[in-house]
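Here is the structure we will look at, set down as structure tokens.
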Amino acid sequence: MSALTQPIPQSRPAAESLSMPRQRQSLDALVTAYLAVLANERGSSPHTIRAYERELRAFAAWVCEVQGEETEPRAIEHTRIRAYLGTLYERGLSKASAARALASIRSWFKWLARFGHVEQNVASLVSTPKLPKHLPRVPSIEQMNQVVDSIDEENASWPARDAVIFELLYGCGIRNAELTGLNLGDIHWANEAILVRGKGQKQRYVPLGDAAAEAIRAYMGEREAKLAAAARESQALLLNLHLRGDGRLSTRSVARIVKHIAVLRGLSSDVHPHTLRHAFGTHLLEEGADLRSIQELLGHERLSTTQRYTQLTTTQLTQVYDRTHPRAK
């Protein structure tokens with residue numbers, strides 16, 4: 001069984017965790033303990049945990065190779081971490097990949113410092129690689145309306161379901177994983193809202209617009225008929241075409257469906273579900289919504305994340321300035 005598929009042990013109680021520094025532990029064991037914290041205490045997603053494990057196992061293995069198998073965390077200096085990033089560049093990895101690795105190492109060292117395994121978070125002394133700013137290409141409002149309104153048998157294997165996919169990704173701005181995780185009980189018809197489970201098991205309500213509600217109602221009849229014909233039951237809102245597994249549609253399938261329909265309707269080939277989420281935030285801003293409201297709708301923890309959308313509407317902001325500021329006239 002590989003390291004990535006091994007079950008993560010339950011995290012230790014707080015009192016026991018505080019006593020851990022008294023015992024000598026290998027770097028690999030401390031990585032495992034931290035992954036348990038991510039899984040059991042912080043509620044990180046399986047995808048996040050796999051990413052952290054990949055980065056931290058690779059770093060720990062490299063340190064043991066250059067410093068010895070018995071190396072303890074307090075023997076790792078920030079210059080060693082910087083040297084590790086250098087090896088990533090030598091392997092041909094991008095600055096973005098190196099930045100992700102450094103972020104994982106920083107988070108791990110922060111936890112190590114908290115419980116006395118190291119005196120300070122030396123990883124915080126290493127500068128993050130400067131990344132080029134690539135703004136996502138966002139379809140216009142007209143383009144998005146054209147795509148969403150043209151889903152039919154010619155471009156979709158299950159038009160009613162695929163219309164719901166686009167209405168919820170673009171109309172509600174939810175993430176791909178949030179979309180596929182929706183259950184029937186998450187649709188609160190009386191309140192015209194959807195309960196969305198976001199990153200870190202955080203929950204939020206997003207408005208259920210008229211178009212999205214209409215699409216869901218049109219789909220529900222077909223959904224029930226398909227389940228009845230197969231003598232199956234499922235709480236998942238979105239089903240896969242042949243009811244494979246538990247019947248729930250996967251994030252990979254959503255990405256494939258979105259790209260297929262979007263490309264057939266003339267959008268760029270790099271369109272993916274997150275593109276629709278970006279379009280949701282961008283178009284709200286263009287139509288006058290404030291950043292705080294957009295932040296709540298998107299479920300961003302930090303406003304700085306939401307502020308990325310201001311970079312996408314420079315032309316519109318300039319027009320507003322020219323039209324309204326007295327010194328611009």
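Following the order of the structure tokens, first chain is A, next is B, and so on, with residues numbered from 1 inside each chain and ligands from 1 in the order they appear.
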Which residues, written as a VMD selection string, have at least one atom at most 12 Å from region 86-91 of chain A, with only C-alpha atoms counted and residues fewer than 4 positions away on the same chain left out?
-> chain A and resid 55 58 to 59 62 to 63 66 79 to 82 95 to 102 126 129
Output the selection as a PDB file, in the first residue's frame - N, CA and C atoms for each residue.
ATOM      1  N   GLU A  55       3.682  16.868  -1.061  1.00  0.00           N
ATOM      2  CA  GLU A  55       4.736  17.867  -0.914  1.00  0.00           C
ATOM      3  C   GLU A  55       5.612  17.572   0.304  1.00  0.00           C
ATOM      4  N   ALA A  58       7.837  14.378   0.031  1.00  0.00           N
ATOM      5  CA  ALA A  58       8.971  14.617  -0.872  1.00  0.00           C
ATOM      6  C   ALA A  58      10.043  15.453  -0.175  1.00  0.00           C
ATOM      7  N   PHE A  59       9.613  16.482   0.558  1.00  0.00           N
ATOM      8  CA  PHE A  59      10.577  17.327   1.268  1.00  0.00           C
ATOM      9  C   PHE A  59      11.300  16.539   2.360  1.00  0.00           C
ATOM     10  N   TRP A  62      13.874  14.226   0.910  1.00  0.00           N
ATOM     11  CA  TRP A  62      15.055  14.959   0.420  1.00  0.00           C
ATOM     12  C   TRP A  62      15.955  15.365   1.588  1.00  0.00           C
ATOM     13  N   VAL A  63      15.361  15.849   2.669  1.00  0.00           N
ATOM     14  CA  VAL A  63      16.141  16.252   3.838  1.00  0.00           C
ATOM     15  C   VAL A  63      16.903  15.056   4.404  1.00  0.00           C
ATOM     16  N   VAL A  66      19.961  14.294   2.262  1.00  0.00           N
ATOM     17  CA  VAL A  66      21.110  15.200   2.313  1.00  0.00           C
ATOM     18  C   VAL A  66      21.644  15.403   3.728  1.00  0.00           C
ATOM     19  N   THR A  79      17.971  27.969   5.161  1.00  0.00           N
ATOM     20  CA  THR A  79      18.806  27.842   3.961  1.00  0.00           C
ATOM     21  C   THR A  79      18.617  26.478   3.304  1.00  0.00           C
ATOM     22  N   ARG A  80      18.324  25.459   4.124  1.00  0.00           N
ATOM     23  CA  ARG A  80      18.087  24.122   3.579  1.00  0.00           C
ATOM     24  C   ARG A  80      16.776  24.096   2.795  1.00  0.00           C
ATOM     25  N   ILE A  81      15.786  24.782   3.316  1.00  0.00           N
ATOM     26  CA  ILE A  81      14.497  24.843   2.616  1.00  0.00           C
ATOM     27  C   ILE A  81      14.657  25.581   1.294  1.00  0.00           C
ATOM     28  N   ARG A  82      15.440  26.666   1.331  1.00  0.00           N
ATOM     29  CA  ARG A  82      15.686  27.415   0.101  1.00  0.00           C
ATOM     30  C   ARG A  82      16.426  26.545  -0.917  1.00  0.00           C
ATOM     31  N   LYS A  95       7.488  28.008 -11.009  1.00  0.00           N
ATOM     32  CA  LYS A  95       7.462  28.784  -9.777  1.00  0.00           C
ATOM     33  C   LYS A  95       6.188  28.519  -8.984  1.00  0.00           C
ATOM     34  N   ALA A  96       5.090  28.272  -9.700  1.00  0.00           N
ATOM     35  CA  ALA A  96       3.826  27.980  -9.015  1.00  0.00           C
ATOM     36  C   ALA A  96       3.936  26.678  -8.227  1.00  0.00           C
ATOM     37  N   SER A  97       4.593  25.676  -8.812  1.00  0.00           N
ATOM     38  CA  SER A  97       4.764  24.398  -8.120  1.00  0.00           C
ATOM     39  C   SER A  97       5.658  24.563  -6.896  1.00  0.00           C
ATOM     40  N   ALA A  98       6.734  25.351  -7.051  1.00  0.00           N
ATOM     41  CA  ALA A  98       7.632  25.600  -5.922  1.00  0.00           C
ATOM     42  C   ALA A  98       6.904  26.371  -4.822  1.00  0.00           C
ATOM     43  N   ALA A  99       6.049  27.302  -5.216  1.00  0.00           N
ATOM     44  CA  ALA A  99       5.296  28.080  -4.224  1.00  0.00           C
ATOM     45  C   ALA A  99       4.333  27.177  -3.450  1.00  0.00           C
ATOM     46  N   ARG A 100       3.712  26.218  -4.134  1.00  0.00           N
ATOM     47  CA  ARG A 100       2.817  25.287  -3.448  1.00  0.00           C
ATOM     48  C   ARG A 100       3.593  24.428  -2.455  1.00  0.00           C
ATOM     49  N   ALA A 101       4.777  23.981  -2.867  1.00  0.00           N
ATOM     50  CA  ALA A 101       5.598  23.178  -1.966  1.00  0.00           C
ATOM     51  C   ALA A 101       5.986  23.987  -0.730  1.00  0.00           C
ATOM     52  N   LEU A 102       6.394  25.238  -0.938  1.00  0.00           N
ATOM     53  CA  LEU A 102       6.792  26.089   0.178  1.00  0.00           C
ATOM     54  C   LEU A 102       5.620  26.352   1.113  1.00  0.00           C
ATOM     55  N   VAL A 126      11.802  32.044   4.308  1.00  0.00           N
ATOM     56  CA  VAL A 126      12.053  31.808   2.886  1.00  0.00           C
ATOM     57  C   VAL A 126      11.024  32.564   2.071  1.00  0.00           C
ATOM     58  N   PRO A 129       8.294  32.445  -4.142  1.00  0.00           N
ATOM     59  CA  PRO A 129       8.644  32.793  -5.523  1.00  0.00           C
ATOM     60  C   PRO A 129       7.619  33.753  -6.119  1.00  0.00           C
TER      61      PRO A 129
END
Distance query Ala236 (chain A) at most 8 Å, only C-alpha atoms, self and fewer than 6 positions along chain excluded, as an mmCIF file with N, CA, C and O atoms, in the first residue's frame:
data_model
loop_
_atom_site.group_PDB
_atom_site.id
_atom_site.type_symbol
_atom_site.label_atom_id
_atom_site.label_comp_id
_atom_site.auth_asym_id
_atom_site.auth_seq_id
_atom_site.Cartn_x
_atom_site.Cartn_y
_atom_site.Cartn_z
ATOM 1 N N THR A 180 -21.138 18.794 -7.095
ATOM 2 C CA THR A 180 -21.345 17.345 -7.098
ATOM 3 C C THR A 180 -21.701 16.821 -5.711
ATOM 4 O O THR A 180 -22.244 15.718 -5.585
ATOM 5 N N GLY A 181 -21.407 17.593 -4.687
ATOM 6 C CA GLY A 181 -21.743 17.175 -3.323
ATOM 7 C C GLY A 181 -23.157 17.518 -2.897
ATOM 8 O O GLY A 181 -23.586 17.135 -1.804
ATOM 9 N N LEU A 182 -23.913 18.210 -3.743
ATOM 10 C CA LEU A 182 -25.271 18.617 -3.382
ATOM 11 C C LEU A 182 -26.203 17.412 -3.299
ATOM 12 O O LEU A 182 -26.185 16.521 -4.151
ATOM 13 N N ASN A 183 -27.033 17.408 -2.260
ATOM 14 C CA ASN A 183 -28.078 16.399 -2.092
ATOM 15 C C ASN A 183 -29.445 17.049 -2.250
ATOM 16 O O ASN A 183 -29.579 18.282 -2.213
ATOM 17 N N LEU A 184 -30.462 16.218 -2.405
ATOM 18 C CA LEU A 184 -31.812 16.755 -2.592
ATOM 19 C C LEU A 184 -32.214 17.667 -1.433
ATOM 20 O O LEU A 184 -32.849 18.704 -1.635
ATOM 21 N N GLY A 247 -24.202 6.407 -8.117
ATOM 22 C CA GLY A 247 -25.060 7.219 -8.973
ATOM 23 C C GLY A 247 -24.689 8.674 -9.029
ATOM 24 O O GLY A 247 -25.152 9.417 -9.905
ATOM 25 N N ARG A 248 -23.831 9.135 -8.115
ATOM 26 C CA ARG A 248 -23.489 10.553 -8.049
ATOM 27 C C ARG A 248 -22.546 10.945 -9.189
ATOM 28 O O ARG A 248 -21.602 10.226 -9.510
#
Residue contacts of region 166-171 of chain A (6 Å, only C-alpha atoms) excluding same-chain residues fewer than 2 positions away, as a VMD selection string | chain A and resid 163 to 164 173 to 174 212 276 to 277 280
Convert the current residue selection to file output with N, CA, C and O atoms, as a PDB file, in the first residue's frame.
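Result saved to part_10.pdb:
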ATOM      1  N   ALA A 163     -28.134  21.337 -18.047  1.00  0.00           N
ATOM      2  CA  ALA A 163     -28.599  22.712 -17.846  1.00  0.00           C
ATOM      3  C   ALA A 163     -28.503  23.094 -16.378  1.00  0.00           C
ATOM      4  O   ALA A 163     -28.133  24.224 -16.033  1.00  0.00           O
ATOM      5  N   VAL A 164     -28.798  22.146 -15.483  1.00  0.00           N
ATOM      6  CA  VAL A 164     -28.678  22.400 -14.046  1.00  0.00           C
ATOM      7  C   VAL A 164     -27.219  22.659 -13.685  1.00  0.00           C
ATOM      8  O   VAL A 164     -26.902  23.544 -12.877  1.00  0.00           O
ATOM      9  N   GLY A 173     -22.454  30.397  -8.696  1.00  0.00           N
ATOM     10  CA  GLY A 173     -21.032  30.609  -8.414  1.00  0.00           C
ATOM     11  C   GLY A 173     -20.404  29.568  -7.523  1.00  0.00           C
ATOM     12  O   GLY A 173     -19.380  29.831  -6.888  1.00  0.00           O
ATOM     13  N   ILE A 174     -20.974  28.368  -7.443  1.00  0.00           N
ATOM     14  CA  ILE A 174     -20.414  27.361  -6.549  1.00  0.00           C
ATOM     15  C   ILE A 174     -19.271  26.605  -7.225  1.00  0.00           C
ATOM     16  O   ILE A 174     -19.128  26.621  -8.443  1.00  0.00           O
ATOM     17  N   ALA A 212     -32.226  28.965 -12.256  1.00  0.00           N
ATOM     18  CA  ALA A 212     -31.689  27.728 -11.690  1.00  0.00           C
ATOM     19  C   ALA A 212     -32.813  26.867 -11.121  1.00  0.00           C
ATOM     20  O   ALA A 212     -32.822  25.645 -11.299  1.00  0.00           O
ATOM     21  N   LEU A 276     -16.615  29.273 -14.937  1.00  0.00           N
ATOM     22  CA  LEU A 276     -17.977  29.751 -14.727  1.00  0.00           C
ATOM     23  C   LEU A 276     -18.103  30.450 -13.378  1.00  0.00           C
ATOM     24  O   LEU A 276     -18.866  31.403 -13.230  1.00  0.00           O
ATOM     25  N   ARG A 277     -17.362  29.971 -12.395  1.00  0.00           N
ATOM     26  CA  ARG A 277     -17.350  30.621 -11.081  1.00  0.00           C
ATOM     27  C   ARG A 277     -16.714  32.007 -11.183  1.00  0.00           C
ATOM     28  O   ARG A 277     -17.212  32.974 -10.590  1.00  0.00           O
ATOM     29  N   PHE A 280     -19.195  34.254 -12.786  1.00  0.00           N
ATOM     30  CA  PHE A 280     -20.215  34.650 -11.811  1.00  0.00           C
ATOM     31  C   PHE A 280     -19.759  35.875 -11.025  1.00  0.00           C
ATOM     32  O   PHE A 280     -20.468  36.885 -10.940  1.00  0.00           O
TER      33      PHE A 280
END
Which residues come within 12 Å of Glu192 (chain A), counting only C-alpha atoms, excluding same-chain residues fewer than 4 positions away, as JSON, numbers by chain?
-> {"A": [172, 186, 187, 188, 205, 206, 207, 208, 209, 210, 211, 212, 213, 214]}
Nearby residues (only C-alpha atoms) at most 10 Å from Gly198 (chain A), same-chain spacing under 6 positions excluded, as a ChimeraX atom specification = /A:45,174-175,177-179,181,204,298-300
Please run DSSP on the backbone and report, as a PyMOL selection string, all residues within region 127-290 of chain A that come out as alpha helix (DSSP H).
-> chain A and resi 141-148+159-171+176-180+210-229+251-264+273-286
